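Enquirer: This one is protein-v9.txt, compact mmCIF, C-alpha atoms.
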# COMPACT_ATOMS: atom_id res chain seq x y z
CA MET A 1 -6.59 6.49 17.87
CA ASP A 2 -6.08 9.53 15.65
CA SER A 3 -5.47 8.98 11.96
CA LEU A 4 -2.88 10.88 9.97
CA ILE A 5 -4.39 12.77 7.05
CA HIS A 6 -3.41 13.97 3.59
CA SER A 7 -6.15 16.13 2.11
CA LEU A 8 -5.69 16.18 -1.67
CA ARG A 9 -7.84 17.74 -4.38
CA ASP A 10 -10.11 14.74 -4.95
CA VAL A 11 -9.17 12.28 -2.23
CA THR A 12 -8.44 12.18 1.48
CA ILE A 13 -5.79 9.70 2.63
CA ARG A 14 -5.93 8.57 6.25
CA SER A 15 -3.59 6.14 7.95
CA ILE A 16 -3.30 4.41 11.30
CA SER A 17 -0.66 2.17 12.82
CA VAL A 18 -1.86 -1.08 14.38
CA SER A 19 -0.39 -4.05 16.27
CA GLU A 20 2.91 -4.56 17.99
CA MET A 21 4.55 -4.54 14.54
CA ASN A 22 3.39 -1.01 13.71
CA ASN A 23 1.57 -2.08 10.57
CA ASN A 24 0.14 0.79 8.58
CA VAL A 25 -3.47 0.71 7.39
CA TYR A 26 -4.35 3.25 4.68
CA LEU A 27 -7.78 4.53 3.67
CA LEU A 28 -8.51 6.60 0.56
CA THR A 29 -11.86 8.38 0.38
CA SER A 30 -13.32 10.18 -2.63
CA LYS A 31 -14.34 13.65 -1.52
CA SER A 32 -17.11 13.85 -4.13
CA THR A 33 -18.67 10.38 -4.04
CA GLY A 34 -17.64 8.80 -0.71
CA ALA A 35 -16.15 5.73 -2.41
CA GLN A 36 -13.34 4.22 -0.36
CA LEU A 37 -10.34 1.96 -0.81
CA LEU A 38 -8.59 0.43 2.21
CA ILE A 39 -5.04 -0.88 1.82
CA ASP A 40 -3.92 -3.67 4.19
CA ALA A 41 -6.43 -4.72 6.84
CA ALA A 42 -3.47 -5.62 8.99
CA ASP A 43 -4.92 -6.03 12.48
CA ASP A 44 -7.22 -4.54 15.14
CA LEU A 45 -10.68 -4.52 13.60
CA PRO A 46 -12.04 -1.98 16.14
CA ALA A 47 -9.30 0.50 15.20
CA ILE A 48 -10.06 0.02 11.50
CA GLN A 49 -13.77 0.50 12.15
CA GLN A 50 -12.94 3.73 13.99
CA LEU A 51 -10.86 4.81 10.99
CA LEU A 52 -13.87 4.21 8.75
CA GLU A 53 -16.11 6.15 11.11
CA ASP A 54 -13.68 9.07 11.24
CA SER A 55 -13.54 9.17 7.45
CA ALA A 56 -17.24 10.02 7.24
CA ALA A 57 -16.06 13.61 7.67
CA ASP A 58 -14.08 13.39 4.41
CA SER A 59 -17.04 13.49 2.02
CA PRO A 60 -20.35 15.38 1.98
CA VAL A 61 -22.07 12.17 0.89
CA GLU A 62 -22.22 8.84 2.69
CA THR A 63 -18.93 6.96 2.60
CA LYS A 64 -18.79 3.31 1.53
CA LEU A 65 -15.85 0.92 1.51
CA ALA A 66 -15.67 -0.40 -2.04
CA ARG A 67 -12.47 -2.45 -1.92
CA ILE A 68 -9.95 -3.88 0.50
CA SER A 69 -6.61 -4.26 -1.26
CA THR A 70 -3.69 -6.23 0.16
CA THR A 71 -0.08 -5.43 -0.65
CA HIS A 72 1.18 -8.95 0.01
CA GLN A 73 0.36 -12.25 1.67
CA HIS A 74 2.29 -12.03 4.95
CA TRP A 75 0.19 -12.76 8.03
CA ASP A 76 0.78 -9.45 9.75
CA HIS A 77 -0.89 -7.57 6.87
CA VAL A 78 -4.10 -9.63 6.76
CA ARG A 79 -5.07 -10.40 10.37
CA ALA A 80 -8.22 -8.24 10.27
CA LEU A 81 -9.07 -9.02 6.66
CA PRO A 82 -11.63 -11.84 7.16
CA GLU A 83 -13.56 -9.88 9.82
CA LEU A 84 -13.48 -6.64 7.83
CA VAL A 85 -14.80 -8.38 4.72
CA GLU A 86 -17.55 -9.96 6.81
CA VAL A 87 -18.71 -6.72 8.44
CA THR A 88 -18.42 -4.45 5.36
CA GLY A 89 -19.12 -6.73 2.41
CA ALA A 90 -16.32 -5.01 0.50
CA SER A 91 -14.64 -6.79 -2.40
CA THR A 92 -10.97 -7.72 -2.28
CA SER A 93 -7.90 -7.46 -4.46
CA ALA A 94 -4.29 -8.65 -4.24
CA GLY A 95 -1.39 -9.60 -6.45
CA ALA A 96 -2.17 -12.65 -8.56
CA ASP A 97 0.84 -14.59 -7.25
CA ASP A 98 -0.09 -13.99 -3.59
CA ALA A 99 -3.87 -14.27 -3.84
CA ASP A 100 -4.21 -17.97 -2.99
CA ALA A 101 -2.32 -17.44 0.29
CA LEU A 102 -4.77 -14.86 1.62
CA PRO A 103 -7.31 -15.89 4.29
CA VAL A 104 -10.28 -14.76 2.14
CA PRO A 105 -11.27 -15.31 -1.48
CA VAL A 106 -9.70 -12.61 -3.68
CA ASP A 107 -12.15 -11.02 -6.12
CA VAL A 108 -9.58 -9.21 -8.29
CA ARG A 109 -6.15 -10.71 -8.99
CA LEU A 110 -3.79 -7.94 -9.97
CA GLY A 111 -0.92 -7.95 -12.42
CA HIS A 112 1.66 -5.28 -13.16
CA GLY A 113 0.09 -2.12 -14.56
CA ASP A 114 -3.51 -3.05 -13.79
CA VAL A 115 -5.69 -0.04 -12.95
CA GLU A 116 -8.53 -0.18 -10.43
CA ARG A 117 -11.19 2.56 -10.42
CA PHE A 118 -13.58 3.46 -7.63
CA ASP A 119 -15.62 6.37 -8.96
CA ASP A 120 -12.95 9.09 -9.23
CA ILE A 121 -10.23 7.14 -7.37
CA GLU A 122 -7.82 5.52 -9.83
CA ILE A 123 -5.13 3.19 -8.47
CA THR A 124 -2.33 1.57 -10.48
CA ALA A 125 -0.88 -1.78 -9.39
CA VAL A 126 2.91 -2.10 -9.56
CA HIS A 127 4.17 -5.67 -9.22
CA LEU A 128 7.39 -5.79 -7.16
CA ARG A 129 8.83 -9.31 -7.08
CA GLY A 130 11.06 -10.41 -4.22
CA HIS A 131 9.63 -9.79 -0.75
CA THR A 132 6.86 -12.16 -1.81
CA PRO A 133 6.09 -13.44 -5.32
CA GLY A 134 2.96 -11.30 -5.68
CA SER A 135 3.80 -8.12 -3.76
CA ILE A 136 1.96 -5.10 -5.13
CA ALA A 137 2.56 -1.39 -4.61
CA PHE A 138 -0.54 0.74 -5.14
CA VAL A 139 -0.04 4.16 -6.75
CA TYR A 140 -2.45 7.08 -6.57
CA GLN A 141 -1.58 10.01 -8.84
CA ASP A 142 -2.86 13.26 -7.38
CA PRO A 143 -3.94 15.49 -10.30
CA ASP A 144 -2.57 18.56 -8.51
CA GLY A 145 0.48 17.12 -6.78
CA PRO A 146 2.89 14.23 -6.39
CA ALA A 147 1.97 10.59 -6.65
CA HIS A 148 1.43 8.53 -3.51
CA ILE A 149 2.94 5.03 -3.50
CA PHE A 150 1.65 2.51 -0.96
CA SER A 151 4.65 0.21 -1.04
CA GLY A 152 3.76 -2.55 1.40
CA ASP A 153 6.97 -4.23 2.58
CA SER A 154 8.82 -3.74 -0.71
CA LEU A 155 10.28 -0.27 -0.08
CA PHE A 156 11.05 1.52 3.18
CA PRO A 157 13.11 4.49 4.27
CA GLY A 158 16.63 3.12 4.06
CA GLY A 159 16.12 0.10 1.84
CA VAL A 160 13.98 -2.53 0.19
CA GLY A 161 12.01 -5.18 2.03
CA ASN A 162 13.35 -8.34 3.62
CA THR A 163 14.37 -11.05 1.15
CA GLN A 164 15.76 -13.51 3.76
CA LYS A 165 19.36 -13.08 2.51
CA ASP A 166 18.41 -14.69 -0.81
CA PRO A 167 20.57 -12.96 -3.46
CA ALA A 168 18.18 -13.78 -6.31
CA ARG A 169 15.15 -12.42 -4.45
CA PHE A 170 17.07 -9.32 -3.37
CA THR A 171 18.23 -8.58 -6.91
CA SER A 172 14.73 -9.13 -8.26
CA LEU A 173 13.20 -6.76 -5.71
CA LEU A 174 15.81 -4.03 -6.09
CA ASN A 175 15.58 -4.25 -9.89
CA ASP A 176 11.79 -3.95 -9.81
CA VAL A 177 11.85 -1.10 -7.29
CA SER A 178 14.48 0.70 -9.38
CA GLU A 179 12.76 0.24 -12.74
CA ARG A 180 9.09 0.35 -11.76
CA LEU A 181 9.20 3.03 -9.05
CA PHE A 182 12.39 5.13 -9.16
CA ASP A 183 12.61 5.21 -12.99
CA ALA A 184 8.87 5.79 -13.36
CA TYR A 185 8.16 8.52 -10.79
CA PRO A 186 9.89 11.79 -9.81
CA ASP A 187 11.67 12.67 -6.60
CA GLU A 188 8.71 14.37 -4.93
CA THR A 189 6.67 11.14 -5.02
CA LEU A 190 5.56 10.14 -1.53
CA VAL A 191 6.15 6.58 -0.31
CA HIS A 192 3.82 5.14 2.34
CA PRO A 193 5.34 1.86 3.57
CA GLY A 194 3.73 -1.09 5.29
CA HIS A 195 5.45 -0.25 8.58
CA GLY A 196 6.90 2.92 10.01
CA LEU A 197 7.23 6.42 8.63
CA PRO A 198 6.76 7.73 5.10
CA THR A 199 9.55 8.91 2.81
CA THR A 200 10.01 10.23 -0.73
CA LEU A 201 11.68 8.71 -3.76
CA GLY A 202 14.04 11.67 -3.78
CA ALA A 203 15.22 10.94 -0.24
CA GLU A 204 15.98 7.31 -1.12
CA ARG A 205 17.24 7.60 -4.72
CA PRO A 206 20.87 8.50 -3.85
CA HIS A 207 21.22 5.26 -1.90
CA LEU A 208 20.15 2.72 -4.53
CA GLU A 209 23.67 1.66 -5.46
CA GLU A 210 24.63 1.55 -1.78
CA TRP A 211 21.76 -0.88 -1.18
CA ARG A 212 22.84 -3.00 -4.14
CA ALA A 213 26.43 -3.12 -2.89
CA ARG A 214 25.49 -4.15 0.65
CA GLY A 215 23.04 -6.82 -0.60
CA TRP A 216 20.03 -5.97 1.54
Kindly present the structure from the file in structure tokens form.

Expert:
Amino acid sequence: MDSLIHSLRDVTIRSISVSEMNNNVYLLTSKSTGAQLLIDAADDLPAIQQLLEDSAADSPVETKLARISTTHQHWDHVRALPELVEVTGASTSAGADDADALPVPVDVRLGHGDVERFDDIEITAVHLRGHTPGSIAFVYQDPDGPAHIFSGDSLFPGGVGNTQKDPARFTSLLNDVSERLFDAYPDETLVHPGHGLPTTLGAERPHLEEWRARGW
């Protein structure tokens, strides 16, 4: 399974799609130190292990998985998490309000604005309330280019994540996405969702009021 690659100044971003639900697994590797962050160990441990093997080419020094971060608690995003923790020994992080629902102990419970550092990889946690109580988007700011937002199931091309037709949850999620992503980052910012294809904030921004009017 080939991984899709963004080669940035300091970091390489690889992604693969796994399972019948087309879950995206993302891997960030420091080009200078080999430190790695994996976002959403969704399913298919062998495919994730192949992703880690492939990423050895992304750094001149030995690569090592430092952290497995989870965007939210839903089962389809954590199916390979226990096995991956067992075989790699990597630490874990997730949103504080979702952490107790994960199938492994969570080492770092994230709140809005928390920053995680792995050598020269710096990731900002953005709490987006609505799809789940503790959903987190992870943001990597490329020093020489646009930011990369790993949005989990909170933002997709064409709308926000599923809130089960609950008006309060929908309003909460759209408000958070609007204020914490669209108001905080420019149009060229790349969005890497939990399923399916990437998009940009600029491509989605004109539709925010349309989403609010339709209620999903």

Enquirer: Which one of A:His6, A:Arg169, A:Arg180, A:His207 sits closest to Phe138 of chain A if you count all atoms listed in the file?

Expert: A:Arg180

Enquirer: From the options A:Glu83, A:Asp107, A:Asp98, A:Glu204, which residue's atoms come nearest to Ala66 of chain A, counting all atoms listed in the file?

Expert: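 Nearest candidate to Ala66 of chain A out of A:Glu83, A:Asp107, A:Asp98, A:Glu204: A:Asp107.
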
Enquirer: Find the residue from A:Ala168, A:Glu209, A:Pro133, A:Pro146 that sits nearest to Pro186 of chain A; use only C-alpha atoms when measuring.

Expert: A:Pro146

Enquirer: Excluding Gly111 of chain A and residues on its chain fewer than 5 positions from it, collect all residues at most 9 Å away from it, counting all atoms listed in the file, and give them as number ranges by chain.

Expert: A: 94-97, 125-127, 134, 136

Enquirer: Looking at A:Phe118, A:Trp216, A:Tyr26, A:Trp211, which one is nearest to Gly130 of chain A, with distances taken over only C-alpha atoms?

Expert: A:Trp216

Enquirer: Here is a test: counting only C-alpha atoms, which residue of A:Ser32, A:Gln49, A:Ser7, A:Asn23 is nearest to Asp153 of chain A?

Expert: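 With only C-alpha atoms as the atom set, the closest residue is A:Asn23.
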
Enquirer: Restricting the calculation to only C-alpha atoms: of A:Ser59, A:Ser69, A:Asn22, A:Thr12, which residue gets closest to Leu197 of chain A?

Expert: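 The shortest atom-to-atom distance to Leu197 of chain A comes from A:Asn22.
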
Enquirer: With all atoms listed in the file as the counted atoms, please give the residues lying no more than 12 Å from Leu45 of chain A, apart from itself and same-chain residues fewer than 6 positions off, as a VMD selection string.

Expert: chain A and resid 16 18 to 19 25 51 to 52 78 to 88
